[in-house]
file my_file.cif (mmCIF, C-alpha atoms and all ligand atoms)
data_model
#
loop_
_atom_site.group_PDB
_atom_site.id
_atom_site.type_symbol
_atom_site.label_atom_id
_atom_site.label_comp_id
_atom_site.auth_asym_id
_atom_site.auth_seq_id
_atom_site.Cartn_x
_atom_site.Cartn_y
_atom_site.Cartn_z
ATOM 1 C CA MET E 21 17.252 239.763 63.925
ATOM 2 C CA ALA E 22 16.178 236.322 62.847
ATOM 3 C CA GLU E 23 14.612 236.052 59.377
ATOM 4 C CA ARG E 24 11.390 234.111 59.821
ATOM 5 C CA SER E 25 8.847 233.105 57.211
ATOM 6 C CA ALA E 26 5.536 231.260 57.354
ATOM 7 C CA ILE E 27 5.894 227.474 57.365
ATOM 8 C CA PRO E 28 2.803 225.303 56.706
ATOM 9 C CA TRP E 29 2.355 222.947 59.656
ATOM 10 C CA GLU E 30 2.548 219.896 57.388
ATOM 11 C CA ASP E 31 6.033 221.046 56.299
ATOM 12 C CA PHE E 32 7.325 221.913 59.747
ATOM 13 C CA GLN E 33 10.025 220.042 61.649
ATOM 14 C CA LEU E 34 11.299 220.354 65.211
ATOM 15 C CA PRO E 35 13.129 218.024 67.601
ATOM 16 C CA VAL E 36 10.239 218.372 70.041
ATOM 17 C CA PHE E 37 11.644 216.586 73.099
ATOM 18 C CA ARG E 38 14.887 218.539 72.929
ATOM 19 C CA GLN E 39 12.958 221.758 72.495
ATOM 20 C CA TRP E 40 10.676 221.325 75.497
ATOM 21 C CA ALA E 41 13.132 219.661 77.842
ATOM 22 C CA LYS E 42 16.449 221.327 77.011
ATOM 23 C CA ASN E 43 15.950 224.501 75.009
ATOM 24 C CA TRP E 44 12.530 225.527 76.336
ATOM 25 C CA LEU E 45 9.945 227.878 74.858
ATOM 26 C CA LEU E 46 8.704 231.307 75.823
ATOM 27 C CA LEU E 47 4.959 231.491 76.360
ATOM 28 C CA CYS E 48 3.419 234.924 75.851
ATOM 29 C CA ALA E 49 -0.207 235.698 76.707
ATOM 30 C CA GLY E 50 -2.167 238.927 76.452
ATOM 31 C CA ASP E 51 -2.508 241.480 73.670
ATOM 32 C CA PHE E 52 0.162 243.608 72.019
ATOM 33 C CA ASN E 53 -2.191 246.421 71.019
ATOM 34 C CA ASP E 54 -3.677 246.648 74.502
ATOM 35 C CA GLY E 55 -0.143 246.878 75.876
ATOM 36 C CA LYS E 56 -1.112 244.087 78.279
ATOM 37 C CA TYR E 57 0.937 240.948 77.961
ATOM 38 C CA ASN E 58 3.382 238.833 79.903
ATOM 39 C CA MET E 59 5.827 236.102 79.074
ATOM 40 C CA MET E 60 7.185 233.090 80.960
ATOM 41 C CA THR E 61 9.435 230.178 80.137
ATOM 42 C CA VAL E 62 7.766 226.791 79.684
ATOM 43 C CA GLY E 63 9.428 223.394 79.627
ATOM 44 C CA TRP E 64 6.382 221.126 79.685
ATOM 45 C CA GLY E 65 3.882 220.823 76.881
ATOM 46 C CA SER E 66 3.258 219.159 73.563
ATOM 47 C CA PHE E 67 2.532 219.626 69.886
ATOM 48 C CA GLY E 68 0.265 217.361 67.897
ATOM 49 C CA VAL E 69 -2.978 217.029 66.009
ATOM 50 C CA ILE E 70 -6.451 217.006 67.527
ATOM 51 C CA TRP E 71 -9.913 217.648 66.054
ATOM 52 C CA GLY E 72 -8.207 217.838 62.684
ATOM 53 C CA LYS E 73 -6.122 220.806 63.805
ATOM 54 C CA PRO E 74 -2.460 221.255 64.711
ATOM 55 C CA PHE E 75 -2.238 222.158 68.397
ATOM 56 C CA ALA E 76 0.146 223.309 71.091
ATOM 57 C CA MET E 77 -0.705 222.202 74.621
ATOM 58 C CA ILE E 78 0.717 224.104 77.560
ATOM 59 C CA LEU E 79 0.716 223.455 81.307
ATOM 60 C CA VAL E 80 0.672 226.534 83.510
ATOM 61 C CA ARG E 81 0.520 226.708 87.283
ATOM 62 C CA PRO E 82 -2.272 228.884 88.708
ATOM 63 C CA GLN E 83 0.048 231.258 90.583
ATOM 64 C CA ARG E 84 1.855 232.525 87.465
ATOM 65 C CA PHE E 85 1.398 236.211 86.719
ATOM 66 C CA THR E 86 0.806 235.095 83.132
ATOM 67 C CA MET E 87 -2.285 233.085 84.153
ATOM 68 C CA PRO E 88 -4.929 235.864 84.315
ATOM 69 C CA LEU E 89 -3.790 237.090 80.886
ATOM 70 C CA LEU E 90 -4.015 233.563 79.543
ATOM 71 C CA GLU E 91 -7.552 233.366 80.914
ATOM 72 C CA LYS E 92 -8.670 236.771 79.680
ATOM 73 C CA TYR E 93 -7.280 236.856 76.149
ATOM 74 C CA PRO E 94 -8.070 234.384 73.361
ATOM 75 C CA THR E 95 -4.562 233.777 72.035
ATOM 76 C CA PHE E 96 -1.004 232.960 73.036
ATOM 77 C CA THR E 97 2.340 232.492 71.349
ATOM 78 C CA LEU E 98 5.233 230.112 71.926
ATOM 79 C CA SER E 99 8.678 231.258 70.799
ATOM 80 C CA ALA E 100 12.000 229.453 70.433
ATOM 81 C CA PHE E 101 15.292 231.318 70.507
ATOM 82 C CA PRO E 102 18.881 230.854 69.412
ATOM 83 C CA ALA E 103 21.266 229.478 72.052
ATOM 84 C CA ASP E 104 22.649 232.917 72.882
ATOM 85 C CA LYS E 105 19.254 233.880 74.346
ATOM 86 C CA LYS E 106 19.234 231.099 76.943
ATOM 87 C CA ASP E 107 19.901 233.667 79.687
ATOM 88 C CA ALA E 108 16.754 235.533 78.667
ATOM 89 C CA LEU E 109 14.752 232.309 78.990
ATOM 90 C CA SER E 110 16.293 231.621 82.402
ATOM 91 C CA PHE E 111 15.305 235.137 83.422
ATOM 92 C CA CYS E 112 11.724 234.742 82.200
ATOM 93 C CA GLY E 113 11.563 231.381 83.985
ATOM 94 C CA SER E 114 12.663 232.711 87.364
ATOM 95 C CA LYS E 115 11.406 236.306 87.554
ATOM 96 C CA SER E 116 7.772 237.291 87.644
ATOM 97 C CA GLY E 117 6.114 239.981 85.580
ATOM 98 C CA ARG E 118 4.718 241.199 88.911
ATOM 99 C CA GLU E 119 8.151 242.616 89.646
ATOM 100 C CA TYR E 120 8.839 244.367 86.325
ATOM 101 C CA ALA E 121 7.083 247.145 84.430
ATOM 102 C CA ASP E 122 8.549 245.641 81.241
ATOM 103 C CA LYS E 123 9.649 242.035 81.775
ATOM 104 C CA ALA E 124 10.566 241.555 78.095
ATOM 105 C CA ALA E 125 12.931 244.527 78.100
ATOM 106 C CA ALA E 126 14.403 243.407 81.430
ATOM 107 C CA ALA E 127 15.148 240.058 79.752
ATOM 108 C CA GLY E 128 16.699 241.782 76.726
ATOM 109 C CA LEU E 129 13.838 240.774 74.435
ATOM 110 C CA THR E 130 11.668 242.841 72.085
ATOM 111 C CA ALA E 131 7.947 242.095 71.925
ATOM 112 C CA ILE E 132 6.509 242.454 68.415
ATOM 113 C CA PRO E 133 2.995 242.244 66.991
ATOM 114 C CA SER E 134 2.027 238.836 65.672
ATOM 115 C CA GLN E 135 0.721 238.154 62.172
ATOM 116 C CA GLN E 136 -2.652 236.668 63.108
ATOM 117 C CA VAL E 137 -3.144 236.779 66.871
ATOM 118 C CA GLY E 138 -3.227 239.461 69.552
ATOM 119 C CA ALA E 139 -0.525 237.945 71.752
ATOM 120 C CA PRO E 140 2.916 239.226 70.777
ATOM 121 C CA GLY E 141 5.923 237.300 69.551
ATOM 122 C CA PHE E 142 9.551 238.343 69.877
ATOM 123 C CA ALA E 143 11.954 239.913 67.388
ATOM 124 C CA GLU E 144 14.841 237.743 68.591
ATOM 125 C CA ALA E 145 12.937 234.455 68.165
ATOM 126 C CA GLU E 146 13.914 232.033 65.412
ATOM 127 C CA LEU E 147 10.553 230.289 65.657
ATOM 128 C CA ILE E 148 7.115 231.567 66.704
ATOM 129 C CA PHE E 149 3.891 229.579 67.028
ATOM 130 C CA GLU E 150 0.755 231.696 66.984
ATOM 131 C CA CYS E 151 -2.073 229.941 68.807
ATOM 132 C CA ASN E 152 -5.767 230.462 69.295
ATOM 133 C CA LYS E 153 -7.113 228.857 72.488
ATOM 134 C CA ILE E 154 -9.558 226.067 71.711
ATOM 135 C CA TYR E 155 -9.800 223.934 74.841
ATOM 136 C CA ASP E 156 -9.280 224.556 78.528
ATOM 137 C CA ALA E 157 -8.844 221.221 80.264
ATOM 138 C CA GLU E 158 -8.721 223.046 83.639
ATOM 139 C CA VAL E 159 -6.369 221.747 86.292
ATOM 140 C CA LEU E 160 -4.837 218.301 86.467
ATOM 141 C CA LYS E 161 -6.591 216.186 89.093
ATOM 142 C CA LYS E 162 -4.791 214.195 91.756
ATOM 143 C CA SER E 163 -7.261 211.356 91.159
ATOM 144 C CA GLY E 164 -6.222 211.204 87.516
ATOM 145 C CA PHE E 165 -2.754 209.847 88.209
ATOM 146 C CA ILE E 166 -2.661 206.091 87.739
ATOM 147 C CA PRO E 167 -0.782 204.137 90.433
ATOM 148 C CA PRO E 168 2.001 203.283 90.822
ATOM 149 C CA PHE E 169 2.713 206.535 88.968
ATOM 150 C CA THR E 170 2.297 209.571 91.118
ATOM 151 C CA ALA E 171 3.349 213.145 90.447
ATOM 152 C CA GLU E 172 3.144 214.140 94.100
ATOM 153 C CA GLU E 173 6.748 215.333 94.187
ATOM 154 C CA TRP E 174 5.739 218.054 91.723
ATOM 155 C CA TYR E 175 2.746 219.267 93.725
ATOM 156 C CA PRO E 176 3.596 219.669 97.424
ATOM 157 C CA GLN E 177 1.355 222.752 97.436
ATOM 158 C CA ASN E 178 -1.478 221.192 95.398
ATOM 159 C CA ASP E 179 -0.825 223.771 92.680
ATOM 160 C CA TYR E 180 -1.831 221.488 89.844
ATOM 161 C CA HIS E 181 -1.128 222.782 86.356
ATOM 162 C CA ARG E 182 -3.857 224.197 84.169
ATOM 163 C CA VAL E 183 -3.849 222.479 80.765
ATOM 164 C CA ILE E 184 -4.707 224.634 77.765
ATOM 165 C CA TYR E 185 -4.829 223.671 74.106
ATOM 166 C CA GLY E 186 -4.314 226.221 71.361
ATOM 167 C CA GLU E 187 -4.876 225.680 67.675
ATOM 168 C CA ILE E 188 -1.680 226.615 65.875
ATOM 169 C CA THR E 189 -2.848 229.227 63.391
ATOM 170 C CA GLY E 190 0.614 230.129 62.134
ATOM 171 C CA ILE E 191 4.211 228.939 62.360
ATOM 172 C CA TYR E 192 6.937 231.452 61.513
ATOM 173 C CA GLY E 193 10.461 230.147 61.499
ATOM 174 C CA THR E 194 13.936 230.314 60.037
ATOM 175 C CA PRO E 195 14.647 227.890 57.149
ATOM 176 C CA GLU E 196 15.972 225.036 59.307
ATOM 177 C CA TYR E 197 12.444 224.499 60.637
ATOM 178 C CA ARG E 198 11.199 223.629 57.164
ATOM 179 C CA ALA E 199 11.170 219.877 56.596
ATOM 180 C CA SER E 200 12.884 218.606 53.505
ATOM 181 C CA ALA E 201 10.618 216.468 51.337
ATOM 182 C CA ARG E 202 10.619 212.771 52.192
HETATM 183 C C1 LIG J 301 13.139 225.770 82.216
HETATM 184 C C2 LIG J 301 11.859 226.244 82.872
HETATM 185 C C3 LIG J 301 10.660 225.673 82.485
HETATM 186 C C4 LIG J 301 9.455 226.078 83.085
HETATM 187 N N1 LIG J 301 8.279 225.501 82.682
HETATM 188 C C5 LIG J 301 7.115 225.903 83.231
HETATM 189 C C6 LIG J 301 5.882 225.340 82.776
HETATM 190 O O1 LIG J 301 5.825 224.522 81.842
HETATM 191 N N2 LIG J 301 4.750 225.737 83.410
HETATM 192 C C7 LIG J 301 4.757 226.649 84.435
HETATM 193 O O2 LIG J 301 3.693 226.966 84.979
HETATM 194 N N3 LIG J 301 5.921 227.215 84.859
HETATM 195 C C8 LIG J 301 7.090 226.881 84.279
HETATM 196 N N4 LIG J 301 8.261 227.461 84.669
HETATM 197 C C9 LIG J 301 8.244 228.507 85.713
HETATM 198 C C10 LIG J 301 7.841 229.894 85.187
HETATM 199 O O3 LIG J 301 8.471 230.191 83.955
HETATM 200 C C11 LIG J 301 8.254 230.946 86.243
HETATM 201 O O4 LIG J 301 7.553 230.697 87.449
HETATM 202 C C12 LIG J 301 8.043 232.385 85.785
HETATM 203 O O5 LIG J 301 8.808 233.221 86.611
HETATM 204 C C13 LIG J 301 6.585 232.817 85.788
HETATM 205 O O6 LIG J 301 6.537 234.133 85.335
HETATM 206 P P1 LIG J 301 5.280 235.087 85.592
HETATM 207 O O7 LIG J 301 5.004 235.104 87.075
HETATM 208 O O8 LIG J 301 5.746 236.425 85.074
HETATM 209 O O9 LIG J 301 4.133 234.513 84.814
HETATM 210 C C14 LIG J 301 9.474 227.076 84.092
HETATM 211 C C15 LIG J 301 10.691 227.657 84.460
HETATM 212 C C16 LIG J 301 11.878 227.265 83.855
HETATM 213 C C17 LIG J 301 13.181 227.913 84.249
#

call {"tool": "encode", "arguments": {"input": "my_file.cif", "output": "structure tokens"}}
result
Amino acid sequence: MAERSAIPWEDFQLPVFRQWAKNWLLLCAGDFNDGKYNMMTVGWGSFGVIWGKPFAMILVRPQRFTMPLLEKYPTFTLSAFPADKKDALSFCGSKSGREYADKAAAAGLTAIPSQQVGAPGFAEAELIFECNKIYDAEVLKKSGFIPPFTAEEWYPQNDYHRVIYGEITGIYGTPEYRASAR
């Protein structure tokens, strides 16, 4: 099991583009104590600062099984895993929680209670962001894309992503995620 400790957001470091695009993150929405949660792999999103708060922004298509849980519950987590868990992320990115009584177990992952939010994290994660939803930007609009850029190839079914911002209320990671002073 990975040894994680709390890292203040000002002292946190992550190669963000590599993480989103190549290594991915596991989004988990719902509530551990209610026994109602679901997880899915995400490869699009961002981290930054807005309204004086550190945030994680996620983009989720409406048809995901995770979506109603994301709507109903106030928190979510994003977890990063060591390379040997890539298969689990591929699983969670291709199989739906609709098909599994326990999607985490089917992926070989162990859901655990979070420190500050209802949505669970994962024992095998080396990094967990705990997030409290603060802004729902609703779905991306076709009219928002500025020509000549168009994202039409991504939306043949008009299933535009929902954009949700969460305040990062805690970051728990292994020591390599702690920035050295500079
Ligand atoms: C590498 C990768 C990245 C993905 N990124 C996203 C994403 O950012 N947003 C999204 O809605 N779906 C994304 N998906 C697809 C979902 O993870 C996938 O549809 C999943 O099976 C949904 O699970 P659910 O139905 O249990 O919610 C991604 C899949 C993979 C493999």

call {"tool": "atom_distance", "arguments": {"input": "my_file.cif", "atom1": "atom CA of E:Leu90", "atom2": "atom CA of E:Leu147"}}
result
20.4 Å

call {"tool": "residues_around", "arguments": {"input": "my_file.cif", "residues": "stretch 126-131 of chain E", "least_positions_apart": "6", "cutoff": "10 Å", "atoms": "only C-alpha atoms", "output": "list in words"}}
result
Cys48, Phe52, Tyr57, Asn58, Met59, Lys105, Asp107, Ala108, Leu109, Ser110, Phe111, Cys112, Lys115, Gly117, Tyr120, Ala139, Pro140, Gly141, Phe142, Ala143, Glu144 and Ala145 of chain E

call {"tool": "resolve_selection", "arguments": {"input": "my_file.cif", "expression": "the PyMOL selection byres (((not hetatm)) within 7 of (chain J and resi 301))", "output": "ChimeraX atom specification"}}
result
/E:44,58-65,78-81,84-87,110,112-118,181

call {"tool": "resolve_selection", "arguments": {"input": "my_file.cif", "expression": "the PyMOL selection byres (((chain E and resi 199) around 10) and not hetatm)", "output": "list in words"}}
result
Ile27, Pro28, Trp29, Glu30, Asp31, Phe32, Gln33, Leu34, Pro195, Glu196, Tyr197, Arg198, Ser200, Ala201 and Arg202 of chain E

call {"tool": "closest_residue", "arguments": {"input": "my_file.cif", "among": "E:Ala49, E:Ile154, E:Val183, E:Ile70", "to": "E:Phe96", "atoms": "all atoms listed in the file"}}
result
E:Ala49

call {"tool": "residues_around", "arguments": {"input": "my_file.cif", "residues": "E:Asn53", "least_positions_apart": "2", "cutoff": "10 Å", "atoms": "only C-alpha atoms", "output": "PyMOL selection string"}}
result
chain E and resi 50-51+55-57+132-133+138-140

call {"tool": "atom_distance", "arguments": {"input": "my_file.cif", "atom1": "atom CA of E:Lys123", "atom2": "atom CA of E:Lys153"}}
result
23.3 Å

call {"tool": "atom_distance", "arguments": {"input": "my_file.cif", "atom1": "atom CA of E:Glu158", "atom2": "atom CA of E:Gly186"}}
result
13.4 Å

call {"tool": "resolve_selection", "arguments": {"input": "my_file.cif", "expression": "the PyMOL selection byres (((chain E and resi 180) around 8) and not hetatm)", "output": "VMD selection string"}}
result
chain E and resid 81 to 82 159 to 161 175 178 to 179 181 to 182

call {"tool": "closest_residue", "arguments": {"input": "my_file.cif", "among": "E:Ile148, E:Arg38, E:Thr97, E:Asp54", "to": "E:Ile191", "atoms": "all atoms listed in the file"}}
result
E:Ile148

call {"tool": "closest_residue", "arguments": {"input": "my_file.cif", "among": "E:Trp174, E:Tyr185, E:Phe101, E:Phe67", "to": "E:Leu45", "atoms": "only C-alpha atoms"}}
result
E:Phe101

call {"tool": "closest_residue", "arguments": {"input": "my_file.cif", "among": "E:Glu187, E:Asp104, E:Glu23, E:Glu172", "to": "E:Glu150", "atoms": "all atoms listed in the file"}}
result
E:Glu187

call {"tool": "closest_residue", "arguments": {"input": "my_file.cif", "among": "E:Pro176, E:Glu91, E:Ser25, E:Ser66", "to": "E:Asp156", "atoms": "only C-alpha atoms"}}
result
E:Glu91
